[in-house]
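The next block is query-v9.txt, given as compact mmCIF, C-alpha atoms and all ligand atoms.
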# COMPACT_ATOMS: atom_id res chain seq x y z
CA MET A 1 -65.05 7.36 -21.47
CA ASP A 2 -61.80 9.05 -22.51
CA ASN A 3 -61.97 7.11 -25.77
CA PHE A 4 -64.84 9.32 -26.90
CA PRO A 5 -63.63 12.89 -26.40
CA ARG A 6 -66.27 14.33 -28.77
CA PHE A 7 -69.18 12.99 -26.74
CA GLY A 8 -70.63 13.70 -23.31
CA HIS A 9 -72.06 16.94 -21.98
CA ARG A 10 -70.31 19.02 -24.63
CA ARG A 11 -72.92 17.62 -27.06
CA LEU A 12 -75.89 18.84 -25.00
CA GLY A 13 -75.76 22.12 -26.90
CA ASP A 14 -76.69 20.25 -30.10
CA PHE A 15 -80.10 19.54 -28.56
CA GLY A 16 -82.84 21.53 -26.89
CA LEU A 17 -82.70 19.45 -23.69
CA ALA A 18 -83.42 21.48 -20.54
CA ASN A 19 -80.65 22.12 -18.01
CA GLY A 20 -80.88 20.75 -14.50
CA ILE A 21 -82.34 17.37 -15.46
CA ASP A 22 -80.57 14.03 -15.76
CA HIS A 23 -81.89 12.93 -19.18
CA LEU A 24 -81.72 9.14 -18.93
CA ASN A 25 -84.68 8.17 -21.10
CA HIS A 26 -83.49 8.74 -24.65
CA GLY A 27 -85.19 5.46 -25.59
CA GLY A 28 -88.55 6.89 -24.60
CA TYR A 29 -88.96 9.66 -27.13
CA GLY A 30 -85.51 10.38 -28.50
CA ALA A 31 -84.07 13.89 -28.62
CA THR A 32 -83.74 15.85 -31.84
CA PRO A 33 -80.69 17.95 -32.72
CA ARG A 34 -81.49 21.58 -33.45
CA LEU A 35 -80.14 21.34 -36.97
CA VAL A 36 -82.63 18.56 -37.76
CA LEU A 37 -85.46 20.73 -36.45
CA GLU A 38 -84.16 23.52 -38.66
CA ALA A 39 -84.15 21.24 -41.71
CA GLY A 40 -87.76 20.33 -40.90
CA GLU A 41 -88.65 24.00 -40.60
CA ALA A 42 -87.05 24.72 -43.99
CA ALA A 43 -89.23 21.99 -45.53
CA ARG A 44 -92.29 23.42 -43.77
CA LEU A 45 -91.58 26.91 -45.16
CA ALA A 46 -91.17 25.44 -48.67
CA MET A 47 -94.55 23.76 -48.26
CA GLU A 48 -96.22 26.94 -47.07
CA ALA A 49 -94.68 29.10 -49.82
CA ASP A 50 -96.78 27.35 -52.46
CA PRO A 51 -98.76 24.46 -50.97
CA THR A 52 -100.34 23.36 -54.26
CA THR A 53 -97.08 23.11 -56.16
CA PHE A 54 -95.39 21.55 -53.16
CA PHE A 55 -97.89 18.74 -52.72
CA ARG A 56 -98.50 18.09 -56.40
CA CYS A 57 -95.04 18.53 -57.92
CA GLU A 58 -92.30 18.53 -55.27
CA LEU A 59 -93.31 16.23 -52.44
CA PRO A 60 -93.36 12.91 -54.33
CA ASP A 61 -89.73 13.20 -55.50
CA ARG A 62 -88.54 14.65 -52.21
CA LEU A 63 -90.07 11.74 -50.29
CA ARG A 64 -88.48 9.23 -52.66
CA ASN A 65 -85.09 10.93 -52.26
CA ALA A 66 -85.49 10.71 -48.50
CA ALA A 67 -86.43 7.02 -48.85
CA ALA A 68 -83.19 6.45 -50.78
CA ARG A 69 -81.29 7.79 -47.76
CA ILE A 70 -83.21 5.37 -45.52
CA ALA A 71 -82.23 2.46 -47.78
CA ASP A 72 -78.62 3.59 -47.52
CA PHE A 73 -78.93 3.52 -43.71
CA LEU A 74 -81.02 0.38 -43.15
CA GLY A 75 -80.31 -1.66 -46.29
CA GLY A 76 -82.36 -2.72 -49.28
CA ARG A 77 -83.94 -0.77 -52.13
CA SER A 78 -85.57 2.61 -51.71
CA GLU A 79 -88.76 1.33 -53.40
CA ASP A 80 -89.24 -1.09 -50.51
CA TRP A 81 -89.15 1.73 -47.93
CA ALA A 82 -91.77 4.29 -46.98
CA PHE A 83 -92.40 6.67 -44.09
CA VAL A 84 -95.02 6.37 -41.36
CA GLU A 85 -95.72 8.59 -38.37
CA ASN A 86 -94.44 6.17 -35.77
CA ALA A 87 -93.89 2.49 -35.08
CA THR A 88 -97.46 2.17 -33.86
CA ALA A 89 -98.85 3.35 -37.21
CA GLY A 90 -96.58 1.04 -39.20
CA LEU A 91 -97.37 -2.01 -37.09
CA ASN A 92 -101.09 -1.24 -37.26
CA ALA A 93 -100.90 -0.97 -41.06
CA VAL A 94 -99.34 -4.42 -41.40
CA ILE A 95 -101.60 -6.15 -38.89
CA ALA A 96 -104.77 -4.54 -40.28
CA SER A 97 -103.77 -5.58 -43.82
CA LEU A 98 -103.57 -9.28 -42.95
CA ASN A 99 -106.40 -11.61 -43.84
CA VAL A 100 -106.76 -13.10 -40.40
CA ALA A 101 -109.33 -15.92 -40.28
CA PRO A 102 -111.25 -17.39 -37.34
CA GLY A 103 -109.04 -19.77 -35.38
CA ASP A 104 -105.80 -18.18 -36.62
CA GLU A 105 -103.00 -17.48 -34.17
CA LEU A 106 -100.86 -14.33 -34.00
CA LEU A 107 -97.57 -14.86 -32.14
CA CYS A 108 -95.73 -12.24 -30.13
CA LEU A 109 -93.06 -12.20 -27.44
CA SER A 110 -93.86 -11.87 -23.75
CA GLN A 111 -92.02 -8.51 -23.70
CA VAL A 112 -94.21 -7.16 -26.54
CA TYR A 113 -94.83 -3.42 -26.24
CA GLY A 114 -98.25 -2.73 -24.70
CA ALA A 115 -99.61 -0.78 -27.67
CA VAL A 116 -98.61 -3.58 -30.04
CA ALA A 117 -100.18 -6.20 -27.76
CA ASN A 118 -103.40 -4.17 -27.93
CA THR A 119 -103.23 -4.00 -31.73
CA LEU A 120 -102.73 -7.74 -32.05
CA ARG A 121 -105.53 -8.45 -29.58
CA TYR A 122 -107.90 -6.01 -31.27
CA HIS A 123 -107.50 -7.58 -34.70
CA ALA A 124 -107.49 -11.12 -33.30
CA ASP A 125 -110.73 -10.47 -31.38
CA ARG A 126 -112.45 -8.97 -34.43
CA ARG A 127 -111.74 -12.05 -36.53
CA GLY A 128 -112.15 -14.81 -33.97
CA ALA A 129 -108.39 -15.39 -33.87
CA ARG A 130 -106.13 -15.46 -30.80
CA VAL A 131 -102.80 -14.12 -29.64
CA VAL A 132 -100.16 -16.64 -28.56
CA VAL A 133 -97.33 -15.40 -26.35
CA VAL A 134 -93.78 -16.77 -26.63
CA PRO A 135 -91.88 -16.29 -23.33
CA VAL A 136 -88.62 -14.35 -23.31
CA PRO A 137 -86.67 -15.51 -20.23
CA VAL A 138 -85.82 -12.85 -17.64
CA PRO A 139 -82.95 -12.25 -17.48
CA PHE A 140 -82.36 -12.93 -21.17
CA GLU A 141 -78.98 -14.66 -21.33
CA ASP A 142 -79.22 -17.38 -23.95
CA ILE A 143 -81.15 -17.71 -27.19
CA ALA A 144 -81.71 -21.48 -27.01
CA PRO A 145 -84.77 -21.39 -24.67
CA LEU A 146 -86.36 -18.66 -26.80
CA LEU A 147 -85.83 -20.62 -30.02
CA ALA A 148 -87.29 -23.74 -28.37
CA ALA A 149 -90.30 -21.78 -27.09
CA LEU A 150 -90.92 -20.41 -30.58
CA GLU A 151 -90.75 -23.89 -32.14
CA ALA A 152 -93.26 -25.10 -29.55
CA ALA A 153 -95.60 -22.14 -30.12
CA ILE A 154 -95.83 -22.40 -33.90
CA GLY A 155 -98.73 -24.51 -35.11
CA PRO A 156 -100.80 -25.09 -38.24
CA LYS A 157 -102.94 -22.00 -37.47
CA THR A 158 -100.06 -19.56 -36.94
CA ARG A 159 -100.75 -16.66 -39.27
CA LEU A 160 -98.11 -14.14 -38.12
CA ALA A 161 -95.11 -13.82 -35.83
CA CYS A 162 -94.45 -10.34 -34.46
CA PHE A 163 -91.07 -9.86 -32.77
CA ASP A 164 -89.54 -6.84 -31.04
CA HIS A 165 -86.01 -6.18 -32.33
CA ILE A 166 -85.08 -4.60 -29.00
CA THR A 167 -87.64 -5.06 -26.25
CA SER A 168 -88.98 -2.08 -24.39
CA ALA A 169 -89.21 -3.37 -20.82
CA GLY A 170 -86.12 -5.58 -20.72
CA ALA A 171 -84.05 -3.65 -23.30
CA ALA A 172 -83.04 -7.04 -24.73
CA ILE A 173 -81.76 -7.41 -28.30
CA ILE A 174 -83.75 -10.25 -29.82
CA PRO A 175 -81.92 -12.49 -32.35
CA ILE A 176 -84.34 -11.73 -35.18
CA ALA A 177 -82.52 -13.62 -37.94
CA GLU A 178 -82.54 -16.84 -35.90
CA LEU A 179 -86.22 -16.52 -35.01
CA ALA A 180 -87.10 -15.62 -38.61
CA ALA A 181 -85.28 -18.71 -39.92
CA ILE A 182 -87.52 -20.91 -37.77
CA CYS A 183 -90.63 -19.06 -38.95
CA ARG A 184 -89.59 -19.43 -42.60
CA ARG A 185 -89.27 -23.19 -42.18
CA HIS A 186 -92.89 -23.21 -40.99
CA ASP A 187 -94.09 -20.70 -43.62
CA VAL A 188 -95.00 -18.14 -40.97
CA PRO A 189 -94.54 -14.51 -42.05
CA VAL A 190 -92.54 -12.28 -39.69
CA LEU A 191 -93.27 -8.69 -38.70
CA VAL A 192 -90.50 -6.92 -36.79
CA ASP A 193 -91.17 -4.11 -34.34
CA GLY A 194 -87.89 -2.24 -34.67
CA ALA A 195 -89.07 0.77 -32.66
CA HIS A 196 -85.77 0.89 -30.77
CA ALA A 197 -83.31 -0.55 -33.27
CA PRO A 198 -82.34 1.95 -36.01
CA GLY A 199 -79.56 4.08 -34.61
CA GLN A 200 -79.10 1.92 -31.53
CA VAL A 201 -77.63 -1.08 -33.37
CA PRO A 202 -76.51 -1.55 -36.99
CA VAL A 203 -79.43 -2.92 -39.01
CA ASP A 204 -79.48 -4.44 -42.51
CA VAL A 205 -83.16 -5.25 -42.92
CA PRO A 206 -83.17 -7.49 -46.03
CA LYS A 207 -80.51 -9.70 -44.41
CA LEU A 208 -82.82 -10.50 -41.49
CA GLY A 209 -85.06 -12.67 -43.65
CA VAL A 210 -88.31 -11.09 -42.47
CA ASP A 211 -91.45 -9.95 -44.26
CA TRP A 212 -92.09 -6.50 -42.77
CA TYR A 213 -89.86 -4.26 -40.68
CA ILE A 214 -90.96 -1.09 -38.89
CA GLY A 215 -88.32 1.21 -37.40
CA ASN A 216 -88.56 4.48 -35.52
CA LEU A 217 -86.08 7.13 -36.57
CA HIS A 218 -87.25 9.52 -33.85
CA LYS A 219 -85.84 7.44 -31.02
CA TRP A 220 -82.21 6.59 -31.81
CA ALA A 221 -81.57 8.02 -35.30
CA PHE A 222 -81.92 11.69 -34.31
CA ALA A 223 -85.00 12.36 -36.49
CA ALA A 224 -87.79 14.65 -35.35
CA LYS A 225 -90.81 13.14 -33.63
CA GLY A 226 -93.29 11.51 -35.96
CA THR A 227 -90.61 9.94 -38.17
CA ALA A 228 -90.67 6.19 -38.63
CA VAL A 229 -90.13 3.88 -41.59
CA ILE A 230 -91.68 0.72 -42.94
CA TRP A 231 -90.00 -1.90 -45.11
CA CYS A 232 -92.10 -4.44 -46.96
CA ALA A 233 -90.83 -7.47 -48.87
CA PRO A 234 -91.83 -7.09 -52.54
CA GLU A 235 -94.13 -10.12 -52.49
CA HIS A 236 -96.36 -8.56 -49.79
CA GLN A 237 -96.54 -5.03 -51.14
CA ALA A 238 -99.79 -5.36 -53.09
CA GLU A 239 -101.66 -6.45 -49.95
CA LEU A 240 -100.20 -3.83 -47.59
CA HIS A 241 -102.07 -0.55 -47.08
CA PRO A 242 -101.56 2.45 -44.79
CA ILE A 243 -104.03 2.85 -41.93
CA ALA A 244 -105.59 5.83 -43.76
CA ILE A 245 -106.69 4.63 -47.21
CA SER A 246 -106.54 7.48 -49.73
CA HIS A 247 -106.53 8.28 -53.48
CA GLN A 248 -103.63 5.97 -54.33
CA LEU A 249 -105.32 2.74 -53.28
CA GLY A 250 -104.08 -0.05 -55.54
CA GLN A 251 -101.30 2.08 -57.07
CA GLY A 252 -98.49 0.38 -55.22
CA PHE A 253 -96.77 0.38 -51.85
CA THR A 254 -94.82 3.63 -52.09
CA ALA A 255 -97.65 5.54 -53.81
CA GLU A 256 -100.11 4.53 -51.09
CA PHE A 257 -97.80 5.30 -48.16
CA ASP A 258 -96.29 8.48 -49.64
CA TYR A 259 -99.71 10.10 -49.89
CA SER A 260 -102.22 9.15 -47.24
CA GLY A 261 -104.12 12.46 -47.11
CA THR A 262 -102.80 15.96 -46.51
CA ARG A 263 -100.33 16.05 -43.64
CA ASP A 264 -97.13 17.77 -42.61
CA ASN A 265 -94.31 15.70 -44.13
CA SER A 266 -91.57 18.13 -43.06
CA ASN A 267 -90.02 15.92 -40.42
CA TRP A 268 -89.79 13.04 -42.89
CA LEU A 269 -88.04 15.31 -45.37
CA ALA A 270 -85.59 16.20 -42.61
CA ALA A 271 -84.73 12.52 -41.97
CA PRO A 272 -81.67 12.74 -44.27
CA ALA A 273 -80.40 15.66 -42.15
CA ALA A 274 -80.76 13.45 -39.07
CA LEU A 275 -78.76 10.68 -40.72
CA ASP A 276 -76.17 13.21 -41.90
CA TYR A 277 -75.79 14.32 -38.28
CA PHE A 278 -75.38 10.68 -37.25
CA ASP A 279 -72.80 10.04 -39.96
CA GLY A 280 -71.01 13.26 -39.08
CA LEU A 281 -70.49 11.90 -35.57
CA GLY A 282 -69.45 8.52 -36.99
CA ARG A 283 -71.98 5.69 -36.78
CA GLU A 284 -69.53 3.21 -35.28
CA ALA A 285 -68.33 5.76 -32.73
CA VAL A 286 -71.91 6.46 -31.63
CA TYR A 287 -72.75 2.77 -31.28
CA ALA A 288 -69.53 2.14 -29.37
CA HIS A 289 -69.89 5.14 -27.06
CA ASN A 290 -73.50 4.39 -26.20
CA LYS A 291 -72.88 0.70 -25.57
CA THR A 292 -69.79 1.39 -23.43
CA LEU A 293 -71.62 4.01 -21.39
CA SER A 294 -74.70 1.84 -21.02
CA GLU A 295 -72.54 -1.01 -19.70
CA ALA A 296 -70.83 1.31 -17.23
CA ALA A 297 -74.21 2.63 -16.07
CA CYS A 298 -75.51 -0.92 -15.68
CA ASP A 299 -72.48 -1.92 -13.60
CA LEU A 300 -72.88 1.15 -11.41
CA LEU A 301 -76.60 0.63 -10.75
CA ALA A 302 -76.48 -3.14 -10.31
CA ALA A 303 -73.54 -2.86 -7.89
CA ARG A 304 -75.12 -0.06 -5.83
CA TRP A 305 -78.50 -1.78 -5.71
CA GLY A 306 -77.26 -5.36 -5.40
CA THR A 307 -79.54 -6.41 -8.26
CA GLU A 308 -79.25 -7.63 -11.84
CA ALA A 309 -79.87 -6.54 -15.44
CA ALA A 310 -82.76 -7.95 -17.53
CA ALA A 311 -80.41 -9.07 -20.31
CA SER A 312 -76.78 -10.14 -20.40
CA PRO A 313 -74.26 -7.79 -22.05
CA ARG A 314 -74.29 -9.50 -25.44
CA PHE A 315 -78.05 -8.82 -25.69
CA ARG A 316 -77.76 -5.15 -24.74
CA ALA A 317 -76.85 -2.02 -26.66
CA ALA A 318 -77.51 1.56 -25.54
CA MET A 319 -80.24 0.74 -23.01
CA THR A 320 -80.25 -1.48 -19.98
CA SER A 321 -82.98 -2.42 -17.52
CA VAL A 322 -81.78 -2.98 -13.95
CA ARG A 323 -84.02 -4.36 -11.22
CA LEU A 324 -84.80 -1.88 -8.46
CA PRO A 325 -83.78 -2.92 -4.96
CA GLY A 326 -86.92 -4.31 -3.39
CA GLY A 327 -88.40 -4.48 -6.89
CA ARG A 328 -89.19 -8.19 -7.02
CA ARG A 329 -92.89 -7.34 -6.94
CA GLY A 330 -94.62 -4.33 -8.41
CA ASP A 331 -97.57 -2.98 -10.33
CA HIS A 332 -98.35 -0.02 -12.57
CA GLN A 333 -99.18 2.26 -9.65
CA ALA A 334 -95.87 1.49 -7.97
CA ALA A 335 -94.02 2.10 -11.25
CA GLN A 336 -95.74 5.45 -11.62
CA ARG A 337 -94.92 6.42 -8.04
CA VAL A 338 -91.25 5.65 -8.60
CA ALA A 339 -91.15 7.54 -11.92
CA GLU A 340 -92.85 10.56 -10.31
CA ARG A 341 -90.48 10.52 -7.34
CA LEU A 342 -87.47 10.45 -9.67
CA ARG A 343 -88.96 13.15 -11.87
CA ARG A 344 -89.32 15.38 -8.80
CA GLU A 345 -85.61 14.78 -8.16
CA GLY A 346 -84.85 15.96 -11.71
CA ILE A 347 -84.24 12.51 -13.20
CA THR A 348 -86.18 11.37 -16.26
CA VAL A 349 -85.90 7.63 -16.67
CA ALA A 350 -88.17 4.75 -17.65
CA VAL A 351 -89.62 2.65 -14.84
CA MET A 352 -90.67 -0.71 -16.22
CA LEU A 353 -92.91 -3.49 -15.07
CA LEU A 354 -91.34 -6.76 -16.16
CA ASP A 355 -91.86 -10.30 -14.95
CA GLY A 356 -94.02 -8.96 -12.11
CA GLY A 357 -91.24 -6.69 -10.80
CA LEU A 358 -89.99 -3.13 -11.13
CA TRP A 359 -86.99 -2.23 -13.24
CA ILE A 360 -85.29 1.01 -14.16
CA ARG A 361 -84.40 1.28 -17.85
CA VAL A 362 -81.57 3.72 -18.47
CA SER A 363 -80.51 4.94 -21.89
CA ALA A 364 -77.07 6.14 -22.94
CA GLN A 365 -76.78 8.69 -25.72
CA ILE A 366 -73.97 10.88 -26.99
CA TYR A 367 -74.87 13.71 -24.58
CA ASN A 368 -74.68 11.48 -21.46
CA GLU A 369 -71.75 10.87 -19.12
CA ILE A 370 -71.31 8.27 -16.39
CA GLY A 371 -71.87 10.92 -13.69
CA ASP A 372 -75.44 11.32 -14.98
CA TYR A 373 -76.36 7.95 -13.45
CA GLN A 374 -74.80 8.58 -10.03
CA ARG A 375 -77.77 10.39 -8.43
CA LEU A 376 -80.12 7.71 -9.77
CA ALA A 377 -77.94 5.05 -8.14
CA GLU A 378 -78.10 6.83 -4.77
CA ILE A 379 -81.79 7.74 -4.81
CA GLY A 380 -82.77 4.33 -6.21
CA ALA A 381 -80.94 2.63 -3.34
CA ARG A 382 -83.13 4.52 -0.83
CA LEU A 383 -86.45 4.09 -2.63
CA LEU A 384 -89.08 2.12 -0.80
CA VAL A 385 -91.03 0.51 -3.58
C1 LIG A 401 -90.91 -1.95 -28.61
C2 LIG A 401 -91.75 -0.76 -28.96
N1 LIG A 401 -92.63 -0.85 -29.95
C3 LIG A 401 -93.39 0.19 -30.33
C4 LIG A 401 -93.28 1.41 -29.70
C5 LIG A 401 -94.16 2.53 -30.14
O1 LIG A 401 -93.39 3.54 -30.71
P1 LIG A 401 -94.13 4.87 -31.17
O2 LIG A 401 -94.65 5.53 -29.94
O3 LIG A 401 -93.08 5.65 -31.86
O4 LIG A 401 -95.24 4.46 -32.07
C6 LIG A 401 -92.37 1.56 -28.65
C7 LIG A 401 -92.23 2.86 -27.97
O5 LIG A 401 -91.51 3.03 -27.03
C8 LIG A 401 -91.59 0.45 -28.27
O6 LIG A 401 -90.73 0.52 -27.26

Could I get this structure in the form of structure tokens?
Amino acid sequence: MDNFPRFGHRRLGDFGLANGIDHLNHGGYGATPRLVLEAGEAARLAMEADPTTFFRCELPDRLRNAAARIADFLGGRSEDWAFVENATAGLNAVIASLNVAPGDELLCLSQVYGAVANTLRYHADRRGARVVVVPVPVPFEDIAPLLAALEAAIGPKTRLACFDHITSAGAAIIPIAELAAICRRHDVPVLVDGAHAPGQVPVDVPKLGVDWYIGNLHKWAFAAKGTAVIWCAPEHQAELHPIAISHQLGQGFTAEFDYSGTRDNSNWLAAPAALDYFDGLGREAVYAHNKTLSEAACDLLAARWGTEAAASPRFRAAMTSVRLPGGRRGDHQAAQRVAERLRREGITVAVMLLDGGLWIRVSAQIYNEIGDYQRLAEIGARLLV
């Protein structure tokens, strides 16, 4: 990793991460640089200095300025971007806003995040609709079978397709533009769960050809927790509402999302500071470092364990899921036991249930070095699943 002399453990001081732990789960909850937390605190103090003036006069413009910075980062026009608390809230807003009718079908991928699967099922059940699952092959090595499975799954009743941009369990980058092109031919609107994408891979949302895009900034874009964004194509904005309906109902997409009841918007106002931090490091350098390190970690683990990754290198970025030795079969209890064992050893990492087996998903961020994965490789090799 000599090509990235500014990264590695020397960056740990930028964050509040505790010493004595191998932090290998950046994809889980992100980690926020201190200076972003400070920017959030400055916004919070401004709010508390004169709450009435802040909410009535300052907040609307400040949120729109922050949205302009999001558009600069993820593409498109600032008026098509708004903030939400997290990917879950954004996905719920879109799905709840749909007019789903009895018999309709909502498509998702087999690696859909559990919370999103629940949301789809909840709304499908309420309206007499059903969820249809499109299989993502494990390991994910080729897009052709996925495209064919999508073609086969779309029917006259398909009301929505919901795709993960980067899957949680398999850490696989899904070719959204290709899937969206198929959906467009069949007039099926596309919702993208980009919980893991912004900051992990370059994203230009309008170029994807989708209808709604939700991205977390608190995972890979260095924002503070509770910072996510929603993009809505102009033609759907009148029908889209936040999950908490408030005074601005019917006044337009940004008006409705910018004010959804009194809440602490400080972390959203600090999102530009997070992106400034990112740009200060160099976006391309961060992407390249994290991908290179993630590949090295994958090679190390797969070689030590004699197992394989859940996606081939061209479908991976800063995360990789590697099958545990003896992990061909597993369940939630086994996954929890493994995670707890590793946590007791001072290793925080995601243990995933995928395709009926157990996988370890490691993340690579600017504060990681290849040595961070060594203890995991050794302990994982001795684990009896
Ligand atoms: C693919 C995917 N979607 C949605 C979420 C939910 O994100 P949040 O907890 O920020 O709502 C996650 C969280 O890890 C995820 O991995």

List all protein, DNA and RNA residues that have any atom at most 6 Å from ligand LIG 401 (chain A), counting all atoms listed in the file, and write the list as a PyMOL selection string. chain A and resi 28+86-88+113+164+167-168+193+195+216

Counting only C-alpha atoms, which residue out of A:Val138, A:Ala68, A:Val131, A:Ala350 sits closest to Phe315 (chain A)?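 Of A:Val138, A:Ala68, A:Val131, A:Ala350, the one nearest Phe315 (chain A), counting only C-alpha atoms, is A:Val138.
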
Near Gly357 (chain A), counting all atoms listed in the file, which residues have an atom at most 8 Å away, once you skip same-chain residues fewer than 4 positions from it, shown as a VMD selection string? chain A and resid 323 327 to 331 353

For a quick check of understanding, using all atoms listed in the file, which of A:Gly103, A:Pro234, A:Pro198, A:Gly371 has the smallest distance to Leu275 (chain A)? A:Pro198

Can you pull out every residue within 8 Å of region 291-296 of chain A, counting all atoms listed in the file, but drop anything in the same chain fewer than 6 positions away, and send it as a list in words?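 What passes the distance filter is Met1, Pro313, Arg316, Ala317, Ala318, Met319, Thr320, Val362, Ser363, Ala364, Glu369 and Ile370 of chain A.
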
In Å, rounded to a single decimal, give me how far CA of Glu178 (chain A) is from CA of Leu146 (chain A).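 Straight-line distance from CA of Leu146 (chain A) to CA of Glu178 (chain A) works out to 10.0 Å.
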
Nearest to Glu79 (chain A) among A:Cys232, A:Val351, A:Gln374, A:Val205, with distances taken over all atoms listed in the file: which residue is it?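 Closest residue, counting all atoms listed in the file: A:Cys232.
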
Tell me, as a list in words, which residues lie within 9 Å of Gly346 (chain A), counting all atoms listed in the file; anything in the same chain fewer than 5 positions away does not count.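 Once the adjacent positions are removed, what remains is Gly20, Ile21, Asp22, His23 and Arg341 of chain A.
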
Kindly write region 149-155 of chain A with all heavy atoms to a file, as a PDB file, in the first residue's frame.
ATOM      1  N   ALA A 149     -32.644 -13.235 -15.524  1.00  0.00           N
ATOM      2  CA  ALA A 149     -33.600 -13.483 -14.425  1.00  0.00           C
ATOM      3  C   ALA A 149     -34.548 -12.296 -14.275  1.00  0.00           C
ATOM      4  O   ALA A 149     -35.741 -12.468 -13.996  1.00  0.00           O
ATOM      5  CB  ALA A 149     -32.843 -13.736 -13.123  1.00  0.00           C
ATOM      6  N   LEU A 150     -34.031 -11.098 -14.481  1.00  0.00           N
ATOM      7  CA  LEU A 150     -34.902  -9.916 -14.379  1.00  0.00           C
ATOM      8  C   LEU A 150     -35.939  -9.926 -15.498  1.00  0.00           C
ATOM      9  O   LEU A 150     -37.133  -9.714 -15.257  1.00  0.00           O
ATOM     10  CB  LEU A 150     -34.062  -8.634 -14.427  1.00  0.00           C
ATOM     11  CG  LEU A 150     -34.874  -7.333 -14.436  1.00  0.00           C
ATOM     12  CD1 LEU A 150     -35.699  -7.189 -13.153  1.00  0.00           C
ATOM     13  CD2 LEU A 150     -33.961  -6.118 -14.623  1.00  0.00           C
ATOM     14  N   GLU A 151     -35.470 -10.200 -16.719  1.00  0.00           N
ATOM     15  CA  GLU A 151     -36.415 -10.270 -17.862  1.00  0.00           C
ATOM     16  C   GLU A 151     -37.525 -11.274 -17.555  1.00  0.00           C
ATOM     17  O   GLU A 151     -38.692 -11.018 -17.827  1.00  0.00           O
ATOM     18  CB  GLU A 151     -35.688 -10.720 -19.142  1.00  0.00           C
ATOM     19  CG  GLU A 151     -34.872  -9.659 -19.832  1.00  0.00           C
ATOM     20  CD  GLU A 151     -35.694  -8.718 -20.720  1.00  0.00           C
ATOM     21  OE1 GLU A 151     -36.935  -8.788 -20.683  1.00  0.00           O
ATOM     22  OE2 GLU A 151     -35.064  -7.901 -21.428  1.00  0.00           O
ATOM     23  N   ALA A 152     -37.134 -12.411 -16.991  1.00  0.00           N
ATOM     24  CA  ALA A 152     -38.123 -13.471 -16.724  1.00  0.00           C
ATOM     25  C   ALA A 152     -39.084 -13.069 -15.604  1.00  0.00           C
ATOM     26  O   ALA A 152     -40.238 -13.491 -15.592  1.00  0.00           O
ATOM     27  CB  ALA A 152     -37.394 -14.763 -16.357  1.00  0.00           C
ATOM     28  N   ALA A 153     -38.595 -12.232 -14.676  1.00  0.00           N
ATOM     29  CA  ALA A 153     -39.426 -11.894 -13.506  1.00  0.00           C
ATOM     30  C   ALA A 153     -40.435 -10.787 -13.804  1.00  0.00           C
ATOM     31  O   ALA A 153     -41.466 -10.683 -13.145  1.00  0.00           O
ATOM     32  CB  ALA A 153     -38.519 -11.467 -12.346  1.00  0.00           C
ATOM     33  N   ILE A 154     -40.123  -9.932 -14.776  1.00  0.00           N
ATOM     34  CA  ILE A 154     -41.025  -8.816 -15.067  1.00  0.00           C
ATOM     35  C   ILE A 154     -42.273  -9.335 -15.774  1.00  0.00           C
ATOM     36  O   ILE A 154     -42.188 -10.150 -16.698  1.00  0.00           O
ATOM     37  CB  ILE A 154     -40.319  -7.751 -15.942  1.00  0.00           C
ATOM     38  CG1 ILE A 154     -39.206  -7.077 -15.144  1.00  0.00           C
ATOM     39  CG2 ILE A 154     -41.322  -6.705 -16.435  1.00  0.00           C
ATOM     40  CD1 ILE A 154     -38.403  -6.058 -15.935  1.00  0.00           C
ATOM     41  N   GLY A 155     -43.415  -8.875 -15.315  1.00  0.00           N
ATOM     42  CA  GLY A 155     -44.676  -9.280 -15.942  1.00  0.00           C
ATOM     43  C   GLY A 155     -45.610  -8.090 -16.021  1.00  0.00           C
ATOM     44  O   GLY A 155     -45.252  -6.973 -15.626  1.00  0.00           O
TER      45      GLY A 155
END
